[in-house]
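What follows is entry_37.cif (mmCIF, C-alpha atoms).
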```cif
data_my_file
#
loop_
_atom_site.label_atom_id
_atom_site.label_comp_id
_atom_site.auth_asym_id
_atom_site.auth_seq_id
_atom_site.Cartn_x
_atom_site.Cartn_y
_atom_site.Cartn_z
CA MET A 105 -0.97 -1.05 -13.37
CA LYS A 106 0.80 0.99 -10.71
CA MET A 107 -0.34 4.59 -10.22
CA ARG A 108 1.98 5.92 -7.54
CA THR A 109 0.69 9.48 -7.28
CA LEU A 110 -2.81 8.52 -6.17
CA LEU A 111 -4.38 9.06 -2.78
CA PRO A 112 -6.17 6.02 -1.38
CA CYS A 113 -9.87 6.96 -1.19
CA ARG A 114 -12.33 5.41 1.29
CA LEU A 115 -15.25 4.56 -0.99
CA SER A 116 -17.97 1.92 -0.79
CA GLY A 117 -16.54 -0.09 -3.62
CA LEU A 118 -13.88 0.76 -6.18
CA PHE A 119 -10.91 3.08 -6.07
CA LEU A 120 -11.81 6.03 -8.27
CA TRP A 121 -8.43 5.90 -9.95
CA GLY A 122 -9.21 8.43 -12.64
CA ALA A 123 -10.78 10.91 -10.24
CA ALA A 124 -7.81 10.67 -7.94
CA LEU A 125 -5.50 11.53 -10.79
CA LEU A 126 -7.65 14.54 -11.62
CA ILE A 127 -7.66 15.94 -8.09
CA GLY A 128 -4.13 14.87 -7.14
CA SER A 129 -2.51 18.14 -8.12
CA ILE A 130 -5.16 20.13 -6.24
CA LEU A 131 -4.68 18.11 -3.07
CA THR A 132 -0.92 18.47 -3.38
CA VAL A 133 -1.22 22.25 -3.16
CA SER A 134 -3.93 22.38 -0.51
CA CYS A 135 -2.51 19.90 2.01
CA ARG A 136 -1.52 22.51 4.61
CA GLY A 137 1.75 23.31 2.91
CA GLN A 138 3.08 19.78 3.36
CA ASP A 139 5.94 18.73 1.12
CA PRO A 140 4.22 16.87 -1.77
CA THR A 141 7.00 14.26 -1.92
CA LEU A 142 6.41 13.44 1.74
CA ARG A 143 2.70 12.85 1.19
CA PHE A 144 2.67 11.30 -2.26
CA GLY A 145 6.23 10.08 -2.66
CA GLY A 146 8.74 10.88 -5.33
CA GLN A 147 10.71 8.72 -7.69
CA ILE A 148 10.61 5.11 -6.51
CA PRO A 149 14.12 3.64 -6.24
CA PRO A 150 14.34 0.96 -8.94
CA GLU A 151 15.71 -1.51 -6.38
CA VAL A 152 12.46 -1.21 -4.41
CA ASP A 153 10.39 -2.07 -7.47
CA VAL A 154 12.55 -5.11 -8.17
CA ILE A 155 12.44 -6.36 -4.57
CA TYR A 156 8.70 -5.78 -4.36
CA GLU A 157 7.87 -7.39 -7.71
CA ARG A 158 9.86 -10.51 -6.87
CA GLY A 159 8.40 -10.72 -3.39
CA LEU A 160 4.81 -10.38 -4.56
CA GLY A 161 5.45 -13.00 -7.21
CA TRP A 162 6.56 -15.44 -4.51
CA LEU A 163 3.58 -14.62 -2.29
CA ALA A 164 1.15 -15.06 -5.18
CA ALA A 165 2.65 -18.44 -6.06
CA ASN A 166 2.58 -19.64 -2.44
CA GLN A 167 -0.91 -18.58 -1.41
CA SER A 168 -3.01 -21.53 -0.27
CA ALA A 169 -6.20 -22.52 -2.06
CA ASP A 170 -8.27 -21.13 0.83
CA GLY A 171 -6.61 -17.70 0.46
CA SER A 172 -4.34 -17.93 3.50
CA TRP A 173 -0.57 -18.24 3.73
CA ARG A 174 1.18 -20.99 5.65
CA SER A 175 4.01 -19.74 7.81
CA SER A 176 6.07 -20.41 10.88
CA TYR A 177 3.66 -18.01 12.60
CA GLN A 178 0.36 -19.58 11.67
CA GLY A 179 -2.86 -17.57 11.82
CA ASN A 180 -5.01 -14.81 10.36
CA GLY A 181 -2.42 -12.15 11.12
CA VAL A 182 0.03 -13.63 8.63
CA THR A 183 -2.68 -13.61 5.96
CA GLY A 184 -3.34 -9.99 6.90
CA ILE A 185 0.34 -9.08 6.59
CA CYS A 186 0.56 -10.64 3.13
CA LEU A 187 -2.71 -8.99 2.10
CA MET A 188 -1.34 -5.58 3.10
CA ALA A 189 1.81 -6.23 1.07
CA PHE A 190 -0.38 -6.55 -2.04
CA LEU A 191 -2.55 -3.54 -1.16
CA ALA A 192 0.53 -1.41 -0.49
CA SER A 193 2.10 -1.95 -3.91
CA GLY A 194 -0.21 0.24 -5.98
CA GLU A 195 -1.76 -2.54 -8.04
CA ASP A 196 -5.49 -2.11 -8.64
CA PRO A 197 -7.01 -4.45 -6.01
CA ASN A 198 -10.09 -5.16 -8.13
CA PHE A 199 -8.82 -5.43 -11.70
CA GLY A 200 -5.04 -5.70 -11.39
CA ARG A 201 -2.99 -8.83 -11.86
CA TYR A 202 -3.16 -9.62 -8.13
CA ALA A 203 -6.89 -8.92 -7.70
CA SER A 204 -7.62 -12.62 -7.20
CA ASN A 205 -4.95 -12.90 -4.50
CA VAL A 206 -6.41 -9.89 -2.68
CA GLN A 207 -9.98 -11.19 -2.88
CA ARG A 208 -9.03 -14.67 -1.69
CA ALA A 209 -7.07 -13.24 1.24
CA VAL A 210 -9.94 -11.01 2.35
CA ARG A 211 -12.38 -13.94 2.09
CA SER A 212 -10.04 -16.15 4.08
CA ILE A 213 -9.79 -13.68 6.96
CA ILE A 214 -13.55 -13.13 7.09
CA GLN A 215 -14.36 -16.84 6.84
CA SER A 216 -11.90 -17.68 9.61
CA GLN A 217 -13.41 -15.20 12.07
CA ASP A 218 -15.39 -16.58 15.00
CA ALA A 219 -18.92 -15.48 14.18
CA SER A 220 -19.97 -15.18 17.83
CA THR A 221 -16.92 -13.53 19.42
CA GLY A 222 -15.40 -11.76 16.40
CA TYR A 223 -12.00 -13.25 17.23
CA PHE A 224 -9.33 -13.77 14.55
CA SER A 225 -7.19 -16.67 15.77
CA ASN A 226 -4.52 -17.86 16.66
CA SER A 227 -3.69 -15.09 19.12
CA MET A 228 -4.45 -11.44 19.78
CA TYR A 229 -1.35 -10.67 17.68
CA HIS A 230 -3.14 -12.21 14.73
CA HIS A 231 -6.36 -10.45 15.69
CA GLY A 232 -4.63 -7.08 15.56
CA PHE A 233 -2.93 -7.62 12.21
CA ALA A 234 -6.07 -9.14 10.65
CA MET A 235 -8.12 -6.15 11.85
CA LEU A 236 -5.50 -3.76 10.45
CA ALA A 237 -5.50 -5.52 7.06
CA LEU A 238 -9.29 -5.52 6.75
CA SER A 239 -9.33 -1.83 7.69
CA GLU A 240 -6.92 -1.11 4.84
CA ALA A 241 -9.04 -3.21 2.46
CA TYR A 242 -12.31 -1.57 3.49
CA GLY A 243 -13.55 0.87 0.87
CA VAL A 244 -10.79 -0.20 -1.52
CA VAL A 245 -11.84 -3.75 -2.35
CA ASP A 246 -15.02 -3.98 -4.44
CA GLU A 247 -17.25 -6.25 -2.37
CA SER A 248 -19.56 -6.96 -5.30
CA LYS A 249 -16.68 -9.04 -6.68
CA LEU A 250 -15.50 -10.46 -3.38
CA TRP A 251 -17.88 -13.42 -3.10
CA GLN A 252 -18.29 -14.37 -6.74
CA GLY A 253 -18.97 -18.08 -6.90
CA ALA A 254 -19.30 -18.36 -3.12
CA LYS A 255 -21.95 -17.61 -0.52
CA PRO A 256 -21.24 -14.30 1.24
CA VAL A 257 -20.36 -14.71 4.90
CA ARG A 258 -20.37 -11.07 6.02
CA SER A 259 -19.20 -7.72 4.70
CA ILE A 260 -15.82 -6.23 5.57
CA ALA A 261 -17.57 -3.62 7.72
CA GLN A 262 -19.52 -6.31 9.59
CA SER A 263 -16.34 -8.28 10.16
CA LEU A 264 -14.54 -5.19 11.44
CA ASP A 265 -17.40 -4.35 13.77
CA LEU A 266 -17.20 -7.83 15.28
CA ALA A 267 -13.42 -7.55 15.59
CA ILE A 268 -13.63 -4.17 17.34
CA ARG A 269 -16.16 -5.54 19.82
CA CYS A 270 -13.92 -8.53 20.46
CA ALA A 271 -10.99 -6.23 21.26
CA SER A 272 -13.11 -4.06 23.55
CA THR A 273 -14.57 -7.07 25.36
CA SER A 274 -11.13 -8.57 25.82
CA GLN A 275 -9.73 -5.31 27.19
CA LYS A 276 -12.46 -5.07 29.82
CA LYS A 277 -11.19 -8.34 31.29
CA ASN A 278 -7.66 -6.98 31.47
CA ARG A 279 -6.53 -5.20 34.61
CA TRP A 280 -3.88 -3.20 32.73
CA GLY A 281 -6.07 -1.85 29.95
CA GLY A 282 -4.08 -3.61 27.24
CA TRP A 283 -3.97 -7.06 25.67
CA ARG A 284 -1.93 -10.26 25.82
CA TYR A 285 -1.94 -13.40 23.65
CA SER A 286 -5.35 -14.70 24.69
CA PRO A 287 -8.57 -12.66 24.45
CA ASP A 288 -9.26 -13.81 28.03
CA ALA A 289 -5.87 -12.79 29.44
CA TYR A 290 -5.66 -10.72 32.62
CA ASP A 291 -2.14 -9.46 31.95
CA ALA A 292 -0.87 -7.35 29.05
CA ASP A 293 2.24 -6.53 27.06
CA THR A 294 3.11 -3.57 24.86
CA SER A 295 3.83 -5.67 21.77
CA VAL A 296 0.38 -7.25 21.55
CA THR A 297 -1.23 -4.01 22.73
CA GLY A 298 0.53 -2.12 19.93
CA ALA A 299 -0.77 -4.58 17.34
CA ILE A 300 -4.35 -4.26 18.58
CA LEU A 301 -4.09 -0.48 18.86
CA MET A 302 -2.92 -0.16 15.26
CA GLY A 303 -5.85 -2.30 14.14
CA LEU A 304 -8.29 -0.14 16.09
CA LEU A 305 -6.78 3.13 14.90
CA ALA A 306 -6.89 1.91 11.29
CA ALA A 307 -10.52 0.88 11.72
CA ARG A 308 -11.34 4.31 13.11
CA ASN A 309 -9.50 5.89 10.19
CA ALA A 310 -11.66 3.78 7.87
CA GLY A 311 -14.81 5.24 9.40
CA MET A 312 -15.70 2.44 11.80
CA ASP A 313 -17.13 3.14 15.25
CA VAL A 314 -14.30 2.47 17.70
CA PRO A 315 -15.02 3.27 21.38
CA ASP A 316 -12.90 6.13 22.67
CA GLU A 317 -12.56 4.45 26.05
CA THR A 318 -10.98 1.38 24.44
CA VAL A 319 -8.37 3.40 22.57
CA ASN A 320 -7.69 5.78 25.45
CA ALA A 321 -7.20 3.00 28.00
CA ALA A 322 -4.70 1.26 25.70
CA LEU A 323 -2.83 4.50 25.04
CA GLU A 324 -2.63 5.10 28.78
CA TYR A 325 -1.13 1.63 29.23
CA MET A 326 1.47 2.46 26.58
CA ARG A 327 2.16 5.83 28.26
CA ARG A 328 2.69 4.19 31.67
CA SER A 329 5.01 1.66 30.05
CA THR A 330 7.28 4.33 28.52
CA GLY A 331 10.29 5.69 30.38
CA LYS A 332 11.85 9.15 30.15
CA ASP A 333 14.60 7.76 27.91
CA GLY A 334 12.11 6.43 25.36
CA GLY A 335 12.43 2.85 26.52
CA VAL A 336 9.15 0.91 26.50
CA ALA A 337 8.72 -1.92 28.97
CA TYR A 338 7.48 -5.22 27.55
CA THR A 339 5.07 -5.91 30.38
CA GLY A 340 4.22 -4.72 33.87
CA GLY A 341 2.36 -1.57 32.94
CA PHE A 342 4.94 1.04 33.94
CA GLY A 343 8.58 2.02 33.67
CA GLY A 344 10.33 1.49 30.37
CA MET A 345 13.04 -0.73 31.79
CA GLY A 346 14.27 -3.62 29.69
CA GLY A 347 12.39 -2.67 26.58
CA SER A 348 13.70 -3.38 23.08
CA MET A 349 14.06 -0.94 20.20
CA SER A 350 11.12 -2.70 18.56
CA LEU A 351 8.91 -1.68 21.48
CA THR A 352 10.19 1.90 21.29
CA ALA A 353 9.23 1.93 17.61
CA ILE A 354 5.76 0.65 18.48
CA GLY A 355 5.42 3.33 21.16
CA ALA A 356 6.40 6.06 18.71
CA LEU A 357 4.08 4.74 16.01
CA VAL A 358 0.93 4.52 18.13
CA GLY A 359 1.74 7.95 19.52
CA ALA A 360 1.98 9.45 16.05
CA VAL A 361 -1.11 7.77 14.62
CA SER A 362 -3.17 8.65 17.71
CA LYS A 363 -2.07 12.29 17.32
CA ALA A 364 -0.10 12.38 20.57
CA LYS A 365 3.11 13.84 19.15
CA GLU A 366 3.21 16.60 21.77
CA THR A 367 3.55 14.21 24.70
CA GLU A 368 6.89 13.72 26.42
CA GLN A 369 6.64 9.96 25.94
CA TYR A 370 6.32 10.27 22.18
CA LYS A 371 9.20 12.73 21.92
CA ALA A 372 11.42 10.47 24.00
CA CYS A 373 10.62 7.42 21.85
CA LEU A 374 11.29 9.28 18.62
CA GLN A 375 14.56 10.71 19.90
CA ARG A 376 15.76 7.25 20.90
CA LEU A 377 14.95 5.91 17.44
CA THR A 378 16.63 8.73 15.53
CA GLU A 379 19.75 8.38 17.65
CA GLU A 380 19.95 4.66 16.85
CA LEU A 381 19.33 4.52 13.10
CA GLU A 382 21.94 1.82 12.65
CA HIS A 383 20.39 -0.48 15.26
CA GLN A 384 19.75 -4.04 14.12
CA GLU A 385 17.49 -6.68 15.65
CA GLY A 386 18.63 -10.25 15.16
CA GLY A 387 16.94 -13.57 14.62
CA SER A 388 13.16 -13.81 14.45
CA HIS A 389 12.70 -10.18 15.52
CA ALA A 390 14.48 -8.60 12.55
CA GLU A 391 11.43 -8.33 10.27
CA TYR A 392 9.23 -7.21 13.15
CA PHE A 393 11.64 -4.39 14.01
CA ARG A 394 12.03 -3.19 10.42
CA TYR A 395 8.24 -3.16 9.95
CA TYR A 396 7.64 -0.88 12.95
CA MET A 397 10.82 1.19 12.59
CA ALA A 398 9.92 2.17 9.01
CA GLN A 399 6.51 3.51 10.04
CA ALA A 400 7.68 5.17 13.25
CA LEU A 401 10.44 7.11 11.47
CA PHE A 402 8.23 8.06 8.53
CA GLN A 403 5.57 9.43 10.87
CA GLY A 404 8.05 11.22 13.11
CA ASP A 405 11.14 12.31 11.19
CA TYR A 406 11.00 12.16 7.39
CA ASN A 407 14.69 12.90 6.90
CA ALA A 408 15.66 10.14 9.32
CA TRP A 409 13.32 7.76 7.50
CA GLN A 410 14.94 8.60 4.15
CA LYS A 411 18.39 7.78 5.51
CA TRP A 412 17.19 4.59 7.20
CA ASN A 413 15.16 3.55 4.15
CA ALA A 414 18.17 3.82 1.83
CA ALA A 415 20.13 1.50 4.10
CA LYS A 416 17.25 -1.00 4.34
CA ILE A 417 16.87 -1.15 0.56
CA THR A 418 20.45 -2.36 0.27
CA GLU A 419 20.05 -4.71 3.21
CA LEU A 420 16.85 -6.31 1.95
CA LYS A 421 18.17 -6.61 -1.59
CA ASP A 422 20.97 -8.76 -0.18
CA LEU A 423 18.64 -10.79 2.05
CA GLN A 424 16.08 -11.64 -0.64
CA LYS A 425 16.42 -15.16 -2.03
CA ASP A 426 16.59 -15.98 -5.72
CA ASP A 427 12.95 -17.13 -5.67
CA GLY A 428 11.83 -13.71 -4.40
CA SER A 429 11.11 -14.80 -0.84
CA PHE A 430 12.72 -13.88 2.44
CA ASN A 431 13.73 -17.04 4.26
CA SER A 432 11.17 -19.02 2.16
CA ASN A 433 8.53 -17.87 4.60
CA ALA A 434 5.30 -15.91 4.10
CA TYR A 435 5.63 -13.95 7.35
CA ASN A 436 9.23 -12.95 6.64
CA THR A 437 8.40 -12.05 3.06
CA GLY A 438 5.29 -10.02 3.85
CA MET A 439 6.92 -8.09 6.68
CA SER A 440 10.06 -7.40 4.63
CA LEU A 441 7.99 -5.97 1.78
CA LEU A 442 5.98 -3.82 4.17
CA ALA A 443 9.22 -2.38 5.55
CA LEU A 444 9.69 -0.88 2.07
CA ALA A 445 6.04 -0.09 1.34
CA LEU A 446 6.28 3.51 2.52
CA ASN A 447 8.13 4.21 -0.71
CA TYR A 448 4.72 3.77 -2.39
CA ARG A 449 2.48 5.63 0.14
CA PHE A 450 -0.69 3.67 -0.72
CA LEU A 451 -1.99 2.25 2.56
CA PRO A 452 -4.23 4.80 4.35
CA ILE A 453 -2.56 4.00 7.68
CA TYR A 454 0.65 5.47 6.22
CA GLU A 455 -0.90 8.94 5.84
CA ARG A 456 0.73 11.53 8.08
#
```

Serialized structure, structure tokens:
Amino acid sequence: MKMRTLLPCRLSGLFLWGAALLIGSILTVSCRGQDPTLRFGGQIPPEVDVIYERGLGWLAANQSADGSWRSSYQGNGVTGICLMAFLASGEDPNFGRYASNVQRAVRSIIQSQDASTGYFSNSMYHHGFAMLALSEAYGVVDESKLWQGAKPVRSIAQSLDLAIRCASTSQKKNRWGGWRYSPDAYDADTSVTGAILMGLLAARNAGMDVPDETVNAALEYMRRSTGKDGGVAYTGGFGGMGGSMSLTAIGALVGAVSKAKETEQYKACLQRLTEELEHQEGGSHAEYFRYYMAQALFQGDYNAWQKWNAAKITELKDLQKDDGSFNSNAYNTGMSLLALALNYRFLPIYER
């Protein structure tokens, strides 16, 4: 059952769906004068519901027995992306029709974690997305149901704590203050760093203890990498030259979520994005760009997001295959659904 006007609540077990309904109208009025439709959403375009329903159906049917999803990009991050697609839809994660898919995905991520290092393989990309997904599941998924019929490995909070420590330990080895593909890398890039930062910021938002020095060092790396025109360099630690629009979207997003909207770097990134609403990324980067662009615009310029979102609904409707997938691939399907998930406003990381 979808309940689109609810606020996601960080609780130790279940969503208090009924309580959220009761207080929803109060929160709408008291949220610092913010437009209620911006915070809670308005009427969901019917095309979004159709795309999302078909996509979730494909993901549910193609989830592996161990709870993961096989994809061209193999690893825990893909499972995290697909898990977030389910959590973002508004279905009850504990009693809804996809509760089993959610539980199996969470178990898969936790069971795949290196118990000594806290690392989610196969790369720090995957580590960041897996950490983000568990942060969004924390307090929403009822852990008393999570391990039914299986021996508990660790709680979501314990898994997140290990993951945060892994990210912090990895960063201390890195001369730039960011991250690269390997947890032992000495160099960094803004794409991987953005993925880890979003995982850390989501974990902090969930109430986890995330070291300030870890977040601040990564934000400083992103700041040094951003040029006056809003371009974000891929690697090198400074400039902004040669960066893609995807990287600009990442720069704007981490700036917004870290509450750095007053900085010149953030303003430059957002301006570049809003001036290029019709920009398209081709090939394997298309889903990646749409995923970050949706969040960056929503956080920075709601009107620009509405315009961009309307165009993406039409675009994704045409791209979706008859079986509900995007390119018959879990990564493509999960990322494409998440590009539309801000229409629902359920994931806590989407809160402005």

- Message: Can you spell out as a PyMOL selection string the set of residues that the PyMOL selection byres ((chain A and resi 204) around 12) selects in the structure I just provided?
- Response: chain A and resi 164-165+167+169-171+187+190+195-203+205-211+245-246+249-252

- Carefully work through the PyMOL selection byres ((chain A and resi 353-359) around 8) for this structure and note down the residues it includes, as a PyMOL selection string. chain A and resi 295+298+301-302+323+326+330+336+349-352+360-365+370-371+373-374+377+393+396-397+399-400+403-404

- Scan for residues within 12 Å of the point (-19.1, -7.7, 4.5) in the coordinates of the file, using all atoms listed in the file, and reply as number ranges by chain. A: 116-117, 210-211, 213-215, 238-239, 241-243, 245-251, 255-266

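Comparing the minimum interatomic distances between Met235 in chain A and each of A:Tyr338, A:Trp280, A:Tyr223, A:Tyr290, counting only C-alpha atoms, we find that A:Tyr223 sits nearest.
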
- Query: For the atom pair CA of Ala307 in chain A and CA of Ser272 in chain A, what is the interatomic distance in Å to one decimal place?
  - Reply: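 We find that CA of Ala307 in chain A and CA of Ser272 in chain A lie 13.1 Å from each other.
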
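Minimum atom-to-atom distances from A:Phe224, A:Trp283, A:Trp412, A:Tyr435 to Gly340 in chain A were compared using all atoms listed in the file, and the lowest value belongs to A:Trp283.
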
Around all listed atoms of range 168-171 of chain A, padded 5 Å per side, what centre and edge lengths does the axis-aligned box have in Å to one decimal, as AutoDock Vina command-line options?
```
--center_x -5.6 --center_y -20.1 --center_z -0.6 --size_x 15.3 --size_y 14.8 --size_z 12.9
```

- So how many Å separate CA of Trp173 in chain A and CA of Cys186 in chain A, to one decimal?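 We find that CA of Trp173 in chain A and CA of Cys186 in chain A lie 7.7 Å from each other.
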
- For the file shown, what are the residues hit by the PyMOL selection byres ((chain A and resi 442) around 8), laid out as a PyMOL selection string? chain A and resi 188-189+192+395+438-441+443-446

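Taking CA of Ala271 in chain A and CA of Ser348 in chain A as the two end points, the separation is 24.9 Å.
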
Repaired coordinates for range 204-222 of chain A (N, CA, C and O atoms) as a CSV table (one decimal), in the frame of the given file:
```
chain,number,residue,atom,x,y,z
A,204,SER,N,-7.2,-11.3,-7.7
A,204,SER,CA,-7.6,-12.6,-7.2
A,204,SER,C,-7.0,-12.9,-5.9
A,204,SER,O,-7.6,-13.4,-4.9
A,205,ASN,N,-5.7,-12.6,-5.8
A,205,ASN,CA,-5.0,-12.9,-4.5
A,205,ASN,C,-5.5,-12.1,-3.4
A,205,ASN,O,-5.7,-12.5,-2.2
A,206,VAL,N,-5.8,-10.8,-3.7
A,206,VAL,CA,-6.4,-9.9,-2.7
A,206,VAL,C,-7.8,-10.4,-2.2
A,206,VAL,O,-8.1,-10.5,-1.0
A,207,GLN,N,-8.6,-10.7,-3.2
A,207,GLN,CA,-10.0,-11.2,-2.9
A,207,GLN,C,-10.0,-12.5,-2.1
A,207,GLN,O,-10.7,-12.6,-1.1
A,208,ARG,N,-9.1,-13.4,-2.4
A,208,ARG,CA,-9.0,-14.7,-1.7
A,208,ARG,C,-8.5,-14.4,-0.3
A,208,ARG,O,-9.0,-15.1,0.7
A,209,ALA,N,-7.6,-13.5,-0.1
A,209,ALA,CA,-7.1,-13.2,1.2
A,209,ALA,C,-8.1,-12.6,2.1
A,209,ALA,O,-8.3,-13.0,3.3
A,210,VAL,N,-8.9,-11.7,1.6
A,210,VAL,CA,-9.9,-11.0,2.4
A,210,VAL,C,-11.0,-12.0,2.7
A,210,VAL,O,-11.4,-12.1,3.9
A,211,ARG,N,-11.4,-12.9,1.8
A,211,ARG,CA,-12.4,-13.9,2.1
A,211,ARG,C,-11.9,-14.9,3.2
A,211,ARG,O,-12.6,-15.3,4.1
A,212,SER,N,-10.6,-15.2,3.1
A,212,SER,CA,-10.0,-16.2,4.1
A,212,SER,C,-10.1,-15.6,5.5
A,212,SER,O,-10.5,-16.3,6.4
A,213,ILE,N,-9.8,-14.3,5.6
A,213,ILE,CA,-9.8,-13.7,7.0
A,213,ILE,C,-11.2,-13.6,7.5
A,213,ILE,O,-11.5,-14.0,8.7
A,214,ILE,N,-12.1,-13.2,6.7
A,214,ILE,CA,-13.6,-13.1,7.1
A,214,ILE,C,-14.1,-14.5,7.4
A,214,ILE,O,-14.8,-14.7,8.5
A,215,GLN,N,-13.8,-15.5,6.6
A,215,GLN,CA,-14.4,-16.8,6.8
A,215,GLN,C,-13.8,-17.5,8.1
A,215,GLN,O,-14.4,-18.3,8.7
A,216,SER,N,-12.6,-17.1,8.4
A,216,SER,CA,-11.9,-17.7,9.6
A,216,SER,C,-12.3,-17.0,10.9
A,216,SER,O,-12.0,-17.5,12.0
A,217,GLN,N,-13.0,-15.9,10.9
A,217,GLN,CA,-13.4,-15.2,12.1
A,217,GLN,C,-14.5,-16.0,12.8
A,217,GLN,O,-15.4,-16.5,12.3
A,218,ASP,N,-14.4,-16.0,14.2
A,218,ASP,CA,-15.4,-16.6,15.0
A,218,ASP,C,-16.6,-15.7,14.9
A,218,ASP,O,-16.6,-14.5,15.3
A,219,ALA,N,-17.7,-16.3,14.4
A,219,ALA,CA,-18.9,-15.5,14.2
A,219,ALA,C,-19.6,-15.0,15.5
A,219,ALA,O,-20.3,-14.0,15.4
A,220,SER,N,-19.3,-15.6,16.6
A,220,SER,CA,-20.0,-15.2,17.8
A,220,SER,C,-19.1,-14.2,18.6
A,220,SER,O,-19.6,-13.2,19.2
A,221,THR,N,-17.8,-14.4,18.6
A,221,THR,CA,-16.9,-13.5,19.4
A,221,THR,C,-16.2,-12.5,18.6
A,221,THR,O,-15.8,-11.5,19.1
A,222,GLY,N,-16.1,-12.7,17.3
A,222,GLY,CA,-15.4,-11.8,16.4
A,222,GLY,C,-13.9,-12.0,16.4
A,222,GLY,O,-13.2,-11.2,15.8
```
